[in-house]
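Trainee: Contents of input_31.pdb (PDB, C-alpha atoms):
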ATOM      1  CA  MET U   1      10.196  48.134 -47.852
ATOM      2  CA  SER U   2       6.711  46.724 -47.409
ATOM      3  CA  ALA U   3       5.997  44.381 -44.494
ATOM      4  CA  VAL U   4       6.036  40.655 -45.223
ATOM      5  CA  LEU U   5       2.510  39.275 -45.107
ATOM      6  CA  HIS U   6       2.138  35.670 -44.004
ATOM      7  CA  PRO U   7      -0.842  33.595 -45.113
ATOM      8  CA  VAL U   8      -3.336  33.479 -42.250
ATOM      9  CA  GLN U   9      -3.621  30.047 -40.628
ATOM     10  CA  SER U  10      -7.052  29.276 -39.243
ATOM     11  CA  PHE U  11      -6.970  26.837 -36.359
ATOM     12  CA  ASP U  12      -9.240  25.631 -33.586
ATOM     13  CA  ILE U  13      -8.690  25.846 -29.824
ATOM     14  CA  LYS U  14     -10.801  23.333 -27.932
ATOM     15  CA  VAL U  15     -10.871  23.591 -24.126
ATOM     16  CA  PHE U  16     -10.508  20.296 -22.259
ATOM     17  CA  ASP U  17     -13.095  19.094 -19.782
ATOM     18  CA  ALA U  18     -10.427  19.282 -17.076
ATOM     19  CA  PRO U  19      -9.073  21.748 -14.476
ATOM     20  CA  LEU U  20      -6.726  23.142 -17.158
ATOM     21  CA  GLY U  21      -5.656  22.722 -20.762
ATOM     22  CA  ALA U  22      -6.821  23.092 -24.360
ATOM     23  CA  GLU U  23      -5.862  21.510 -27.666
ATOM     24  CA  VAL U  24      -4.886  23.354 -30.825
ATOM     25  CA  THR U  25      -5.802  21.616 -34.076
ATOM     26  CA  ASP U  26      -5.302  22.445 -37.770
ATOM     27  CA  LEU U  27      -2.217  24.562 -37.042
ATOM     28  CA  ASP U  28       1.092  23.858 -38.774
ATOM     29  CA  LEU U  29       3.994  25.293 -36.786
ATOM     30  CA  SER U  30       6.401  24.550 -39.630
ATOM     31  CA  GLN U  31       4.723  27.419 -41.493
ATOM     32  CA  PRO U  32       5.036  31.147 -40.661
ATOM     33  CA  LEU U  33       2.677  32.402 -37.977
ATOM     34  CA  GLY U  34       1.388  35.980 -38.149
ATOM     35  CA  ASN U  35       1.261  38.252 -35.107
ATOM     36  CA  ARG U  36      -2.506  38.064 -34.784
ATOM     37  CA  GLU U  37      -2.447  34.246 -34.732
ATOM     38  CA  PHE U  38       0.479  34.295 -32.301
ATOM     39  CA  GLN U  39      -1.401  36.666 -29.955
ATOM     40  CA  ARG U  40      -4.402  34.326 -30.025
ATOM     41  CA  LEU U  41      -2.167  31.410 -28.940
ATOM     42  CA  HIS U  42      -0.510  33.548 -26.277
ATOM     43  CA  ARG U  43      -3.917  34.491 -24.822
ATOM     44  CA  ALA U  44      -5.083  30.852 -24.862
ATOM     45  CA  HIS U  45      -1.908  29.781 -23.079
ATOM     46  CA  LEU U  46      -2.532  32.331 -20.312
ATOM     47  CA  ASP U  47      -6.180  31.268 -20.024
ATOM     48  CA  HIS U  48      -5.674  27.473 -20.065
ATOM     49  CA  HIS U  49      -2.035  27.029 -18.867
ATOM     50  CA  VAL U  50      -1.428  24.034 -21.181
ATOM     51  CA  LEU U  51      -1.758  24.029 -24.952
ATOM     52  CA  VAL U  52      -1.542  20.717 -26.809
ATOM     53  CA  PHE U  53      -0.520  21.274 -30.437
ATOM     54  CA  ARG U  54      -1.616  18.198 -32.346
ATOM     55  CA  ASP U  55       0.301  16.550 -35.195
ATOM     56  CA  GLN U  56       3.345  18.857 -35.345
ATOM     57  CA  ARG U  57       5.917  17.609 -37.865
ATOM     58  CA  ILE U  58       8.542  20.226 -37.095
ATOM     59  CA  THR U  59      12.316  20.197 -36.823
ATOM     60  CA  PRO U  60      14.116  20.931 -33.547
ATOM     61  CA  GLN U  61      15.165  24.285 -35.021
ATOM     62  CA  GLN U  62      11.519  25.153 -35.784
ATOM     63  CA  GLN U  63      10.616  24.263 -32.190
ATOM     64  CA  VAL U  64      13.418  26.561 -30.978
ATOM     65  CA  GLU U  65      12.231  29.426 -33.212
ATOM     66  CA  PHE U  66       8.602  29.116 -32.081
ATOM     67  CA  SER U  67       9.664  28.899 -28.420
ATOM     68  CA  ARG U  68      11.794  32.035 -28.801
ATOM     69  CA  ARG U  69       8.740  34.098 -29.718
ATOM     70  CA  PHE U  70       7.715  33.828 -26.063
ATOM     71  CA  GLY U  71      11.117  34.877 -24.662
ATOM     72  CA  PRO U  72      14.803  33.964 -24.344
ATOM     73  CA  LEU U  73      15.556  30.251 -23.986
ATOM     74  CA  GLN U  74      17.280  28.653 -21.011
ATOM     75  CA  ILE U  75      19.982  26.007 -21.343
ATOM     76  CA  HIS U  76      19.684  23.119 -18.875
ATOM     77  CA  VAL U  77      22.627  22.475 -16.541
ATOM     78  CA  LEU U  78      22.955  18.872 -17.841
ATOM     79  CA  ARG U  79      24.560  19.822 -21.134
ATOM     80  CA  ASN U  80      25.463  16.240 -22.057
ATOM     81  CA  PHE U  81      21.810  15.747 -23.029
ATOM     82  CA  GLN U  82      21.614  18.704 -25.401
ATOM     83  CA  LEU U  83      20.742  18.044 -29.016
ATOM     84  CA  ALA U  84      23.967  18.456 -31.018
ATOM     85  CA  GLU U  85      22.399  20.524 -33.809
ATOM     86  CA  ALA U  86      20.250  22.630 -31.415
ATOM     87  CA  PRO U  87      21.808  23.084 -27.938
ATOM     88  CA  GLU U  88      18.634  24.843 -26.716
ATOM     89  CA  VAL U  89      16.889  21.441 -26.929
ATOM     90  CA  LEU U  90      17.126  19.035 -23.987
ATOM     91  CA  VAL U  91      16.594  15.409 -25.008
ATOM     92  CA  ILE U  92      14.193  13.595 -22.654
ATOM     93  CA  SER U  93      14.674   9.900 -23.375
ATOM     94  CA  ASN U  94      14.990   6.488 -21.735
ATOM     95  CA  ILE U  95      16.769   5.029 -24.788
ATOM     96  CA  ILE U  96      20.219   3.501 -24.240
ATOM     97  CA  GLU U  97      22.558   3.185 -27.231
ATOM     98  CA  ASN U  98      26.013   1.560 -27.035
ATOM     99  CA  GLY U  99      25.636   1.369 -23.268
ATOM    100  CA  GLN U 100      25.062   5.131 -22.943
ATOM    101  CA  PRO U 101      21.867   7.156 -22.356
ATOM    102  CA  THR U 102      20.727   9.282 -25.301
ATOM    103  CA  GLY U 103      18.824  11.684 -23.050
ATOM    104  CA  LEU U 104      17.617  12.434 -19.540
ATOM    105  CA  GLY U 105      15.634   9.308 -18.723
ATOM    106  CA  ASP U 106      14.128  10.221 -15.359
ATOM    107  CA  ALA U 107      13.038  13.811 -15.980
ATOM    108  CA  GLY U 108       9.833  14.644 -14.118
ATOM    109  CA  HIS U 109      10.041  11.835 -11.564
ATOM    110  CA  PHE U 110       8.868  14.238  -8.809
ATOM    111  CA  TRP U 111       6.240  16.998  -9.043
ATOM    112  CA  HIS U 112       7.904  20.289  -9.977
ATOM    113  CA  SER U 113       7.855  23.554 -11.924
ATOM    114  CA  ASP U 114      10.779  23.716 -14.364
ATOM    115  CA  LEU U 115      13.841  25.629 -13.198
ATOM    116  CA  SER U 116      12.146  26.993 -10.056
ATOM    117  CA  TYR U 117      15.654  26.795  -8.549
ATOM    118  CA  LYS U 118      16.881  29.636 -10.824
ATOM    119  CA  GLU U 119      16.637  33.359 -10.005
ATOM    120  CA  LYS U 120      14.542  33.644 -13.154
ATOM    121  CA  PRO U 121      12.552  30.386 -13.297
ATOM    122  CA  SER U 122      11.005  29.183 -16.520
ATOM    123  CA  LEU U 123       8.018  30.962 -18.075
ATOM    124  CA  GLY U 124       7.052  27.772 -19.857
ATOM    125  CA  SER U 125       8.312  24.598 -21.493
ATOM    126  CA  MET U 126       7.553  22.937 -24.810
ATOM    127  CA  LEU U 127       7.841  19.172 -25.159
ATOM    128  CA  HIS U 128       7.637  17.604 -28.619
ATOM    129  CA  ALA U 129       7.027  13.854 -28.953
ATOM    130  CA  GLN U 130       9.560  11.975 -31.098
ATOM    131  CA  GLU U 131       9.012   8.355 -30.002
ATOM    132  CA  LEU U 132       6.246   7.226 -27.672
ATOM    133  CA  PRO U 133       5.841   3.963 -25.723
ATOM    134  CA  GLU U 134       2.903   1.685 -26.450
ATOM    135  CA  GLU U 135       1.784   2.022 -22.848
ATOM    136  CA  GLY U 136       2.356   4.582 -20.102
ATOM    137  CA  GLY U 137       4.394   7.735 -20.601
ATOM    138  CA  ASP U 138       1.588  10.119 -19.548
ATOM    139  CA  THR U 139       2.373  13.574 -18.136
ATOM    140  CA  LEU U 140       0.287  15.004 -15.280
ATOM    141  CA  PHE U 141      -0.248  18.729 -14.732
ATOM    142  CA  ALA U 142      -1.510  20.328 -11.503
ATOM    143  CA  ASN U 143      -3.197  23.746 -11.535
ATOM    144  CA  MET U 144      -1.414  25.787  -8.855
ATOM    145  CA  HIS U 145      -3.868  28.700  -9.156
ATOM    146  CA  LEU U 146      -6.656  26.336  -8.134
ATOM    147  CA  ALA U 147      -4.424  24.892  -5.426
ATOM    148  CA  TYR U 148      -3.964  28.373  -3.945
ATOM    149  CA  GLU U 149      -7.602  29.405  -4.345
ATOM    150  CA  THR U 150      -8.884  26.266  -2.598
ATOM    151  CA  LEU U 151      -6.516  26.453   0.399
ATOM    152  CA  PRO U 152      -8.356  26.482   3.726
ATOM    153  CA  VAL U 153      -8.543  30.089   4.959
ATOM    154  CA  ALA U 154      -6.174  29.527   7.910
ATOM    155  CA  LEU U 155      -3.584  27.910   5.645
ATOM    156  CA  ARG U 156      -3.898  30.681   3.073
ATOM    157  CA  ARG U 157      -3.225  33.229   5.817
ATOM    158  CA  ALA U 158      -0.304  31.167   7.119
ATOM    159  CA  VAL U 159       1.563  31.186   3.794
ATOM    160  CA  GLN U 160       1.192  34.907   2.994
ATOM    161  CA  GLY U 161       4.562  36.603   2.663
ATOM    162  CA  LEU U 162       6.571  33.413   3.258
ATOM    163  CA  ARG U 163       9.578  32.512   1.154
ATOM    164  CA  ALA U 164      10.963  29.054   0.486
ATOM    165  CA  GLU U 165      14.317  27.736  -0.653
ATOM    166  CA  HIS U 166      14.482  25.928  -4.015
ATOM    167  CA  SER U 167      17.501  23.785  -4.830
ATOM    168  CA  TYR U 168      18.333  21.720  -7.909
ATOM    169  CA  LEU U 169      20.307  19.405  -5.621
ATOM    170  CA  ALA U 170      17.316  18.655  -3.340
ATOM    171  CA  GLN U 171      16.545  15.218  -4.859
ATOM    172  CA  TYR U 172      19.563  14.848  -7.142
ATOM    173  CA  GLU U 173      21.350  12.083  -5.242
ATOM    174  CA  GLU U 174      18.065  10.232  -4.758
ATOM    175  CA  LEU U 175      17.545  10.322  -8.541
ATOM    176  CA  ARG U 176      21.139   9.135  -9.095
ATOM    177  CA  ARG U 177      20.511   6.246  -6.688
ATOM    178  CA  ARG U 178      17.508   5.192  -8.784
ATOM    179  CA  ASN U 179      19.144   5.872 -12.152
ATOM    180  CA  PRO U 180      22.846   5.017 -12.590
ATOM    181  CA  PHE U 181      22.889   6.901 -15.907
ATOM    182  CA  ARG U 182      22.227  10.294 -14.265
ATOM    183  CA  PRO U 183      25.679  11.917 -14.222
ATOM    184  CA  PRO U 184      27.403  13.303 -11.115
ATOM    185  CA  LEU U 185      27.536  17.108 -11.136
ATOM    186  CA  THR U 186      30.833  18.930 -11.456
ATOM    187  CA  GLN U 187      31.697  21.726  -9.010
ATOM    188  CA  GLU U 188      31.110  24.180 -11.863
ATOM    189  CA  GLN U 189      27.574  22.810 -12.401
ATOM    190  CA  ILE U 190      26.848  22.987  -8.656
ATOM    191  CA  GLU U 191      27.926  26.651  -8.687
ATOM    192  CA  GLU U 192      25.497  27.249 -11.566
ATOM    193  CA  VAL U 193      22.503  26.032  -9.549
ATOM    194  CA  LYS U 194      22.972  27.685  -6.161
ATOM    195  CA  PRO U 195      19.784  27.581  -4.034
ATOM    196  CA  VAL U 196      17.423  30.550  -4.296
ATOM    197  CA  LEU U 197      14.554  31.870  -2.185
ATOM    198  CA  GLN U 198      11.187  32.171  -3.934
ATOM    199  CA  PRO U 199       7.779  33.357  -2.673
ATOM    200  CA  VAL U 200       5.576  30.478  -1.483
ATOM    201  CA  VAL U 201       2.688  32.242  -3.257
ATOM    202  CA  ARG U 202       3.671  33.915  -6.521
ATOM    203  CA  VAL U 203       1.749  36.399  -8.634
ATOM    204  CA  HIS U 204       1.507  35.599 -12.341
ATOM    205  CA  PRO U 205       3.242  38.541 -14.051
ATOM    206  CA  GLU U 206       0.813  38.566 -17.000
ATOM    207  CA  THR U 207      -2.551  37.742 -15.413
ATOM    208  CA  GLY U 208      -2.101  38.850 -11.786
ATOM    209  CA  ARG U 209      -3.473  35.531 -10.491
ATOM    210  CA  ARG U 210      -1.862  34.016  -7.414
ATOM    211  CA  ALA U 211      -0.459  30.482  -7.430
ATOM    212  CA  LEU U 212       1.313  28.213  -4.975
ATOM    213  CA  PHE U 213       4.979  27.943  -5.911
ATOM    214  CA  VAL U 214       6.473  25.040  -3.962
ATOM    215  CA  SER U 215       7.270  21.517  -5.145
ATOM    216  CA  GLU U 216       8.402  18.198  -3.712
ATOM    217  CA  HIS U 217      11.284  18.105  -6.205
ATOM    218  CA  PHE U 218      13.008  21.412  -5.557
ATOM    219  CA  THR U 219      11.600  23.077  -2.394
ATOM    220  CA  THR U 220      13.775  22.252   0.617
ATOM    221  CA  ARG U 221      12.527  24.494   3.454
ATOM    222  CA  ILE U 222      10.488  27.563   4.328
ATOM    223  CA  ALA U 223      12.747  30.420   5.380
ATOM    224  CA  GLY U 224      12.436  31.601   8.977
ATOM    225  CA  LEU U 225      10.491  28.586  10.283
ATOM    226  CA  PRO U 226      11.856  25.864  12.577
ATOM    227  CA  GLU U 227      12.638  22.720  10.573
ATOM    228  CA  ASP U 228       9.748  20.650  11.938
ATOM    229  CA  GLU U 229       7.201  23.420  11.216
ATOM    230  CA  SER U 230       8.666  23.978   7.761
ATOM    231  CA  LYS U 231       8.473  20.256   6.941
ATOM    232  CA  ALA U 232       4.903  19.953   8.188
ATOM    233  CA  LEU U 233       3.707  23.023   6.273
ATOM    234  CA  LEU U 234       5.404  21.936   3.031
ATOM    235  CA  ALA U 235       3.937  18.420   3.332
ATOM    236  CA  GLU U 236       0.463  19.952   3.716
ATOM    237  CA  LEU U 237       0.967  22.229   0.687
ATOM    238  CA  PHE U 238       2.365  19.411  -1.488
ATOM    239  CA  ALA U 239      -0.565  17.124  -0.665
ATOM    240  CA  HIS U 240      -3.142  19.850  -1.297
ATOM    241  CA  SER U 241      -1.541  20.907  -4.615
ATOM    242  CA  VAL U 242      -1.918  17.535  -6.298
ATOM    243  CA  LYS U 243      -5.476  16.648  -5.341
ATOM    244  CA  PRO U 244      -7.226  14.901  -8.266
ATOM    245  CA  GLU U 245      -9.544  17.885  -8.833
ATOM    246  CA  HIS U 246      -6.515  20.058  -9.702
ATOM    247  CA  ILE U 247      -5.016  17.663 -12.278
ATOM    248  CA  TYR U 248      -5.102  17.116 -16.043
ATOM    249  CA  ARG U 249      -3.500  13.891 -17.276
ATOM    250  CA  HIS U 250      -2.046  14.156 -20.761
ATOM    251  CA  GLN U 251      -2.036  10.961 -22.809
ATOM    252  CA  TRP U 252       0.421  11.553 -25.617
ATOM    253  CA  ARG U 253      -0.391  11.081 -29.291
ATOM    254  CA  PRO U 254       2.249  10.885 -32.043
ATOM    255  CA  HIS U 255       3.708  14.317 -32.945
ATOM    256  CA  ASP U 256       2.036  16.130 -30.022
ATOM    257  CA  MET U 257       3.807  19.250 -28.820
ATOM    258  CA  VAL U 258       2.734  20.353 -25.358
ATOM    259  CA  PHE U 259       3.382  23.911 -24.103
ATOM    260  CA  TRP U 260       2.797  24.528 -20.391
ATOM    261  CA  ASP U 261       3.063  27.553 -18.113
ATOM    262  CA  ASN U 262       5.529  26.907 -15.287
ATOM    263  CA  ARG U 263       4.200  29.977 -13.451
ATOM    264  CA  SER U 264       0.763  28.353 -13.161
ATOM    265  CA  LEU U 265       1.430  24.627 -12.956
ATOM    266  CA  MET U 266       3.495  21.750 -11.659
ATOM    267  CA  HIS U 267       3.979  18.591 -13.688
ATOM    268  CA  LEU U 268       4.958  14.969 -13.202
ATOM    269  CA  ALA U 269       6.032  12.183 -15.571
ATOM    270  CA  ALA U 270       3.960   9.071 -14.876
ATOM    271  CA  GLY U 271       6.648   6.749 -16.278
ATOM    272  CA  CYS U 272       6.498   3.844 -18.703
ATOM    273  CA  PRO U 273       7.850   0.270 -18.854
ATOM    274  CA  PRO U 274      11.670   0.592 -19.075
ATOM    275  CA  HIS U 275      11.946  -1.611 -22.197
ATOM    276  CA  MET U 276       9.643   0.695 -24.205
ATOM    277  CA  ARG U 277      11.309   3.561 -26.069
ATOM    278  CA  ARG U 278      10.333   7.136 -25.222
ATOM    279  CA  LYS U 279      11.966  10.248 -26.627
ATOM    280  CA  LEU U 280      10.848  13.896 -26.547
ATOM    281  CA  TYR U 281      12.528  17.243 -27.224
ATOM    282  CA  ARG U 282      12.210  20.021 -24.627
ATOM    283  CA  THR U 283      12.745  23.746 -24.946
ATOM    284  CA  THR U 284      12.496  26.004 -21.899
ATOM    285  CA  ILE U 285      11.616  29.714 -21.989
ATOM    286  CA  GLU U 286      13.025  32.090 -19.384
ATOM    287  CA  GLY U 287      10.565  33.931 -17.161
ATOM    288  CA  ASP U 288      10.731  36.767 -14.660
ATOM    289  CA  VAL U 289      11.927  36.991 -11.056
ATOM    290  CA  PRO U 290       8.882  35.753  -9.062
ATOM    291  CA  PHE U 291       7.036  38.173  -6.786
TER     292      PHE U 291
END
Rewrite the structure of this file - the entire thing - as structure tokens.

Mentor:
Amino acid sequence: MSAVLHPVQSFDIKVFDAPLGAEVTDLDLSQPLGNREFQRLHRAHLDHHVLVFRDQRITPQQQVEFSRRFGPLQIHVLRNFQLAEAPEVLVISNIIENGQPTGLGDAGHFWHSDLSYKEKPSLGSMLHAQELPEEGGDTLFANMHLAYETLPVALRRAVQGLRAEHSYLAQYEELRRRNPFRPPLTQEQIEEVKPVLQPVVRVHPETGRRALFVSEHFTTRIAGLPEDESKALLAELFAHSVKPEHIYRHQWRPHDMVFWDNRSLMHLAAGCPPHMRRKLYRTTIEGDVPF
């Protein structure tokens, strides 16, 4: 049997004038992608941490298949917001139909790295725009390699070797208070998201670069420190991480698909007026145990 040869797709990768990110143009992800082209995208993703694929008219199943080339996919604990025909897809949406939410409407309200509360946090996430509001709806990304590299020397020394607890429940009730549509968790779901300890500074398993790995959404405490010291240190790290010089603000265009590296970045949803419809499809790729 001879190997199947796919037509080569030529595409451009243009680096943003920002602390991270690049856009990919003239690539059609509904068409087969050869290994050489895939390796080029993989390298660009490691180099720039966010890739913005412009004008992708792909099905949820095509998004799932492309995501799977980077690793196994993770299913979010809130299964009521899965896409029926593709359970690997989490629907991110503020749209209410027949009095019920069609997706997770408040995803990304706090700065975070996806699934940092799992033993194997996410390698990366892909978010594909389906409906966009006329105003707002931006997503902000913070470069956690830069955040680590620009820490004052004393603070960098202070965080070496520390571990912090990450919990999915950390802000859950606060989010429920703000959003009545966010469902209460069952005991079974709570068991699925038991808190884990992660290194405060993690090493990227593919590039070897160090990055801060704490977030206001999921990090609850630093292990082994008194509570007041832990709180003070985390507050300092959170504030430093999201300085303007570490951030790229993504303004969505129709049919954008954005692929970010959760090992390198945190992200935040800037929000949009509640009466404007916003819907995106998210796939999440499993990563490694942080070290």

Trainee: When you draw a straight line from CA of Phe81 in chain U to CA of Pro101 in chain U, how long is it in Å?

Mentor: 8.6 Å

Trainee: Check the smallest atom-to-atom distance from each of U:Tyr117, U:Phe16, U:Phe141, U:Phe110 to Ser264 in chain U using only C-alpha atoms, then report the winner.

Mentor: U:Phe141

Trainee: Name all residues at most 8 Å from Leu268 in chain U (count only C-alpha atoms; drop same-chain ones fewer than 2 positions away) and give them as a compact mmCIF listing (two decimals) with C-alpha atoms, in the coordinates of the input.

Mentor:
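The new file part_10.txt reads:
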# COMPACT_ATOMS: atom_id res chain seq x y z
CA GLY U 108 9.83 14.64 -14.12
CA HIS U 109 10.04 11.84 -11.56
CA PHE U 110 8.87 14.24 -8.81
CA TRP U 111 6.24 17.00 -9.04
CA HIS U 112 7.90 20.29 -9.98
CA THR U 139 2.37 13.57 -18.14
CA LEU U 140 0.29 15.00 -15.28
CA PHE U 141 -0.25 18.73 -14.73
CA MET U 266 3.50 21.75 -11.66
CA ALA U 270 3.96 9.07 -14.88

Trainee: Find the distance between CA of Pro226 in chain U and CA of Thr150 in chain U and write it in Å to one decimal.

Mentor: 25.7 Å

Trainee: Restricting the calculation to all atoms listed in the file, which member of U:Val15, U:Val258, U:Val159, U:Ala170 is positioned closest to Leu233 in chain U?

Mentor: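 Smallest distance to Leu233 in chain U is found for U:Val159.
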
Trainee: Taking all atoms listed in the file into account, which of U:Leu20, U:Leu33, U:Val91, U:Val77 comes nearest Val8 in chain U?

Mentor: U:Leu33

Trainee: Write out, as a Markdown table, each residue of range 212-289 of chain U that has an atom at most 12 Å from range 177-195 of chain U, together with the closest pair of atoms and their distance in Å to one decimal, counting only C-alpha atoms, rows going by chain and rising number.

Mentor:
| residue | atom | partner | partner_atom | distance |
| --- | --- | --- | --- | --- |
| U:Phe218 | CA | U:Pro195 | CA | 9.3 |
| U:Thr219 | CA | U:Pro195 | CA | 9.5 |
| U:Thr220 | CA | U:Pro195 | CA | 9.3 |
| U:Arg221 | CA | U:Pro195 | CA | 10.9 |
| U:Pro274 | CA | U:Asn179 | CA | 11.5 |

Trainee: Of the residues U:His128, U:Arg282, U:His255, U:His45, which is the one nearest to Arg57 in chain U, using only C-alpha atoms?

Mentor: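 Ranked by minimum distance to Arg57 in chain U, first place goes to U:His255.
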
Trainee: Show which residues sit within 10 Å of Ile95 in chain U, as a compact mmCIF listing (two decimals) with C-alpha atoms, in the frame of the given file. Count all atoms listed in the file, and ignore same-chain residues fewer than 3 positions away.

Mentor:
# COMPACT_ATOMS: atom_id res chain seq x y z
CA ILE U 92 14.19 13.60 -22.65
CA GLY U 99 25.64 1.37 -23.27
CA GLN U 100 25.06 5.13 -22.94
CA PRO U 101 21.87 7.16 -22.36
CA THR U 102 20.73 9.28 -25.30
CA GLY U 103 18.82 11.68 -23.05
CA LEU U 104 17.62 12.43 -19.54
CA GLY U 105 15.63 9.31 -18.72
CA GLU U 131 9.01 8.36 -30.00
CA PRO U 274 11.67 0.59 -19.08
CA HIS U 275 11.95 -1.61 -22.20
CA MET U 276 9.64 0.70 -24.20
CA ARG U 277 11.31 3.56 -26.07
CA ARG U 278 10.33 7.14 -25.22
CA LYS U 279 11.97 10.25 -26.63

Trainee: Which one is closest to Arg43 in chain U: U:Glu165, U:Glu206, U:Asp288, U:Asp228? Count only C-alpha atoms.

Mentor: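 Of U:Glu165, U:Glu206, U:Asp288, U:Asp228, the one nearest Arg43 in chain U is U:Glu206, counting only C-alpha atoms.
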
Trainee: For a quick check of understanding, using all atoms listed in the file, which of U:Asp26, U:Glu245, U:Glu229, U:Asp55 has the smallest distance to Asp12 in chain U?

Mentor: U:Asp26

Trainee: Could you pull the residues within 12 Å of His240 in chain U, counting all atoms listed in the file, minus those fewer than 3 positions along the same chain, as a list in words?

Mentor: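 Non-adjacent residues within range: Ala142, Asn143, Met144, His145, Leu146, Ala147, Tyr148, Glu149, Thr150, Leu151, Pro152, Leu155, Arg156, Leu212, Val214, Ser215, Glu216, Leu233, Leu234, Ala235, Glu236, Leu237, Lys243, Pro244, Glu245, His246 and Ile247 of chain U.
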
Trainee: Could you state the separation of CA of Leu90 in chain U and CA of Gly136 in chain U in Å, given to one decimal place?

Mentor: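 That distance, rounded to one decimal, is 21.0 Å.
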
Trainee: Let me have the centre and edge lengths of the axis-aligned box enclosing all listed atoms of range 114-130 of chain U with 5 Å padding on every side, in Å to one decimal, as JSON.

Mentor:
{"center_x": 12.0, "center_y": 22.8, "center_z": -19.8, "size_x": 19.9, "size_y": 31.7, "size_z": 32.5}

Trainee: Just so the selection is clear, what residues does the PyMOL selection byres ((chain U and resi 129) around 8) cover here, as a ChimeraX atom specification?

Mentor: /U:127-128,130-132,252-257,279-281
